[in-house]
There are 2 protein chains.
Amino acid sequence: MTVATAASLRVVDHLRAAILGGAIGPGERVRQEEVAQQLGASRLPVREALRMLAAEGLIENEPHKGARVPRLRMHEVDVVYQMRERLEPLALAQSVPELSDADLHRLAEIQREIEADTDLGRFLELDREFHLLSYRGCRIGQLTSTVARLWNVTQHHRRVFMQLSGPDRRWVVNAEHRLLLDAIVRRDETDAGRFLAGHIRRTRIELGLHPAVFGEVP
Amino acid sequence: MTVATAASLRVVDHLRAAILGGAIGPGERVRQEEVAQQLGASRLPVREALRMLAAEGLIENEPHKGARVPRLRMHEVDVVYQMRERLEPLALAQSVPELSDADLHRLAEIQREIEADTDLGRFLELDREFHLLSYRGCRIGQLTSTVARLWNVTQHHRRVFMQLSGPDRRWVVNAEHRLLLDAIVRRDETDAGRFLAGHIRRTRIELGLHPAVFGEVP
DNA sequence: CTGCCACGAATTGGATCCAAAATCCAGACG
DNA sequence: CGTCTGGATTTTGGATCCAATTCGTGGCAG
């Protein structure tokens with residue numbers, strides 16, 4: 001057993017993976033003692049971890065009422081996507097001039113893997129890695145952390161949306177990604193920002209066509 | 001006397017006021033025990049408060065190295081203002097249709113007080129209240145919290161900038177505020193968003209003309 | 001005189017124990 | 001029969017104590 005890493009960081013990693021992976025799900029409560037003994041730690045690092053996750057947007061903490069994974073309404077998700085539409089081109093413009101050749105090769109490799117793979121969970125991971133890697137060169141902490149938070153809070157909806165819509169529209173994502181990647185490789189942040197904004201906007205609008213993504217409509 | 005308020009929230013309020021008011025200043029370290037006995041509490045609620053303030057962008061926390069108020073470079077502040085330029089019109093558009101008449105009257109009253117008052121600290125408070133109140137109708141938590149964070153991390157630079165530039169350019173702010181307020185009262189979110197973006201953009205550019213705001217550059 | 005190593009004080013991270021608040025369930029009353 | 005109220009249980013918040021890590025200081029050798 002590796003005991004070296006700080007306890008609270010281990011808890012953060014565990015919970016983040018559980019939430020992003022869909023093991024916990026929106027609206028579900030996260031009890032301190034539960035995860036504490038599940039990870040063999042005291043409740044204190046769990047409390048700190050919950051605060052850190054709240055900063056990442058993955059947890060909502062109400063005093064004396066405990067922590068739960070936030071549940072977003074359709075309109076909220078729509079606005080979050082509008083925020084992404086405005087912020088991510090900015091992050092990309094900051095990043096593109098700073099990306100290394102290794103980063104560019106990795107981006108191309110991820111896109112190849114996305115087109116080859118069919119597994120849903122793997123697609124979500126790769127898509128996330130693709131975009132966040134494209135912002136790696138952005139040195140503005142406020143911007144990168146905000147973008148990461150917006151990805152976090154809508155991760156669940158992306159998963160459900162992809163489940164519902166199936167692989168029929170995958171080719172659109174691939175075409176958009178290819179154009180985006182090409183612009184990045186050409187170090188053309190203007191073109192890249194335009195493709196990116198369009199990519200996000202189209203996703204937002206298609207999301208709006210699937211109300212079932214947004215919970216209880218039995 | 002109401003002593004009932006949770007200790008960690010009291011600590012949060014105290015530290016936030018101290019940081020926003022300039023009592024602590026960027027780069028300065030915040031020791032847990034110090035504020036603990038200063039507020040008559042244990043170190044534990046202080047630790048939680050520091051985590052919450054980190055979520056608000058007011059504190060930077062490094063493991064085993066303690067908490068300090070973040071110090072932003074000029075380029076970072078510039079990009080944060082670009083983020084505001086893109087996000088705040090969105091928040092305003094969400095908010096304007098929801099504002100009550102009482103909110104509108106309060107906005108007008110704040111603007112009157114801004115134009116009457118000359119004290120710097122008071123101006124900063126009122127300006128902040130003016131804008132954040134104009135977003136009060138925005139019900140999207142992710143958006144409002146992000147906007148608040150962007151205000152927090154640049155509060156110090158606004159203060160220094162206003163100190164350096166003096167009251168010569170105050171009339172510009174007042175003119176912009178009046179046009180913005182008028183558009184809000186007319187419930188014209190398009191006009192309001194344009195005036196707001198211009199207001200933020202002009203401030204950003206004037207900030208760039210004062211490198212002295214960003215520390216050690218004589 | 002300068003650079004490096006080691007030791008000690010200061011500071012943060014973690015565990016255990018106790019108090020306060022909220023939730024849940026049962027029973028009584030309208 | 002439904003609703004409200006009371007207590008019991010669960011869960012979170014806070015205090016104190018102990019361990020681990022970092023940083024500054026001082027001494028020693030080159």
# chains A, B, ... in the order shown; residues from 1 in each chain; ligands from 1
>>> residues_around(residues="A:His199", least_positions_apart="5", cutoff="10 Å", atoms="only C-alpha atoms (C1' of nucleotides)", output="list in words")
Glu85, Val172, Val173, Ala175, Glu176, His177, Leu180, Gly193, Arg194 and Arg204 of chain A
>>> interface_residues(of="chain A", to="chain B", cutoff="10 Å", atoms="only C-alpha atoms", output="NGL selection string")
:A and (6 or 9 or 44 or 47-57 or 63-64 or 72-73 or 75-80 or 82-88 or 90-91 or 94 or 139-143 or 146 or 149-150 or 153)
>>> select_by_dssp(residues="stretch 98-147 of chain B", states="helix (DSSP H, G or I)", output="PyMOL selection string")
chain B and resi 98+101-116+120-134+141-147
>>> residues_around(residues="stretch 110-112 of chain B", least_positions_apart="3", cutoff="10 Å", atoms="only C-alpha atoms (C1' of nucleotides)", output="ChimeraX atom specification")
/B:104-107,115-117,123,126-127,129-130,133,174,177-178,181
>>> write_last_selection(atoms="C-alpha atoms", output="tab-separated table (two decimals), in the first residue's frame")
chain	number	residue	atom	x	y	z
B	104	LEU	CA	-33.84	49.30	-10.07
B	105	HIS	CA	-34.42	52.03	-7.51
B	106	ARG	CA	-31.55	50.77	-5.41
B	107	LEU	CA	-29.29	50.82	-8.50
B	115	GLU	CA	-21.42	60.58	-7.94
B	116	ALA	CA	-21.79	62.41	-4.63
B	117	ASP	CA	-19.10	60.62	-2.68
B	123	PHE	CA	-16.36	54.24	-4.17
B	126	LEU	CA	-20.44	51.10	-4.15
B	127	ASP	CA	-19.12	50.26	-7.59
B	129	GLU	CA	-22.44	46.70	-5.16
B	130	PHE	CA	-23.78	48.45	-8.26
B	133	LEU	CA	-26.71	44.01	-7.79
B	174	ASN	CA	-20.29	57.95	-14.24
B	177	HIS	CA	-22.87	53.81	-15.42
B	178	ARG	CA	-25.69	56.18	-16.34
B	181	LEU	CA	-28.46	51.99	-15.77
>>> residues_around(residues="A:Pro89", least_positions_apart="6", cutoff="9 Å", atoms="only C-alpha atoms (C1' of nucleotides)", output="ChimeraX atom specification")
/A:189-190,192-197
>>> write_last_selection(atoms="C-alpha atoms", output="mmCIF file, in the first residue's frame")
data_model
loop_
_atom_site.group_PDB
_atom_site.id
_atom_site.type_symbol
_atom_site.label_atom_id
_atom_site.label_comp_id
_atom_site.auth_asym_id
_atom_site.auth_seq_id
_atom_site.Cartn_x
_atom_site.Cartn_y
_atom_site.Cartn_z
ATOM 1 C CA GLU A 189 -5.990 30.906 -33.084
ATOM 2 C CA THR A 190 -8.678 32.883 -34.902
ATOM 3 C CA ALA A 192 -9.420 27.605 -34.060
ATOM 4 C CA GLY A 193 -11.558 29.810 -31.837
ATOM 5 C CA ARG A 194 -14.295 29.953 -34.458
ATOM 6 C CA PHE A 195 -14.417 26.193 -34.954
ATOM 7 C CA LEU A 196 -14.380 25.686 -31.206
ATOM 8 C CA ALA A 197 -17.225 28.118 -30.581
#
>>> closest_atom_pairs(of="chain C", to="chain B", cutoff="9 Å", atoms="only C-alpha atoms (C1' of nucleotides)", output="JSON lines")
{"residue": "C:DT11", "atom": "C1'", "partner": "B:Gly66", "partner_atom": "CA", "distance": 7.9}
{"residue": "C:DT12", "atom": "C1'", "partner": "B:His64", "partner_atom": "CA", "distance": 5.3}
{"residue": "C:DG13", "atom": "C1'", "partner": "B:His64", "partner_atom": "CA", "distance": 7.5}
>>> atom_distance(atom1="atom CA of B:His131", atom2="atom CA of B:Asp188")
16.1 Å
>>> atom_distance(atom1="atom CA of B:Ala7", atom2="atom CA of A:Val46")
19.1 Å
>>> closest_residue(among="A:His14, A:Arg29, A:Arg122, A:His156", to="chain D", atoms="only C-alpha atoms (C1' of nucleotides)")
A:Arg29
>>> interface_residues(of="chain D", to="chain B", cutoff="9 Å", atoms="only C-alpha atoms (C1' of nucleotides)", output="list in words")
DG13, DG14, DA15, DT16, DT21 and DT22 of chain D
>>> atom_distance(atom1="atom CA of B:Leu164", atom2="atom CA of B:Leu209")
11.2 Å
>>> select_by_dssp(residues="stretch 29-163 of chain A", states="strand (DSSP E)", output="mmCIF file with C-alpha atoms, in the first residue's frame")
data_model
loop_
_atom_site.group_PDB
_atom_site.id
_atom_site.type_symbol
_atom_site.label_atom_id
_atom_site.label_comp_id
_atom_site.auth_asym_id
_atom_site.auth_seq_id
_atom_site.Cartn_x
_atom_site.Cartn_y
_atom_site.Cartn_z
ATOM 1 C CA ARG A 29 -25.705 12.605 -1.162
ATOM 2 C CA VAL A 30 -22.106 12.033 -0.109
ATOM 3 C CA GLU A 60 -22.533 21.319 -3.329
ATOM 4 C CA ASN A 61 -22.145 21.865 0.395
ATOM 5 C CA GLU A 62 -24.953 23.142 2.600
ATOM 6 C CA GLY A 66 -24.279 17.676 4.002
ATOM 7 C CA ALA A 67 -22.728 17.416 0.579
ATOM 8 C CA ARG A 68 -24.391 16.300 -2.602
#
>>> closest_residue(among="C:DA20, C:DC1, C:DC29, C:DA15", to="D:DC18", atoms="only C-alpha atoms (C1' of nucleotides)")
C:DA15
>>> residues_around(residues="D:DA8", least_positions_apart="3", cutoff="12 Å", atoms="only C-alpha atoms (C1' of nucleotides)", output="ChimeraX atom specification")
/C:23-26
>>> residues_around(residues="stretch 212-214 of chain B", least_positions_apart="2", cutoff="6 Å", atoms="only C-alpha atoms (C1' of nucleotides)", output="PDB file with C-alpha atoms, in the first residue's frame")
ATOM      1  CA  MET B  74      -0.355  42.231 -15.483  1.00  0.00           C
ATOM      2  CA  VAL B 160      -4.408  50.807  -6.598  1.00  0.00           C
ATOM      3  CA  PHE B 161      -5.502  51.984 -10.024  1.00  0.00           C
ATOM      4  CA  HIS B 210      -0.518  51.923 -15.468  1.00  0.00           C
ATOM      5  CA  VAL B 217       8.032  48.218 -11.627  1.00  0.00           C
TER       6      VAL B 217
END
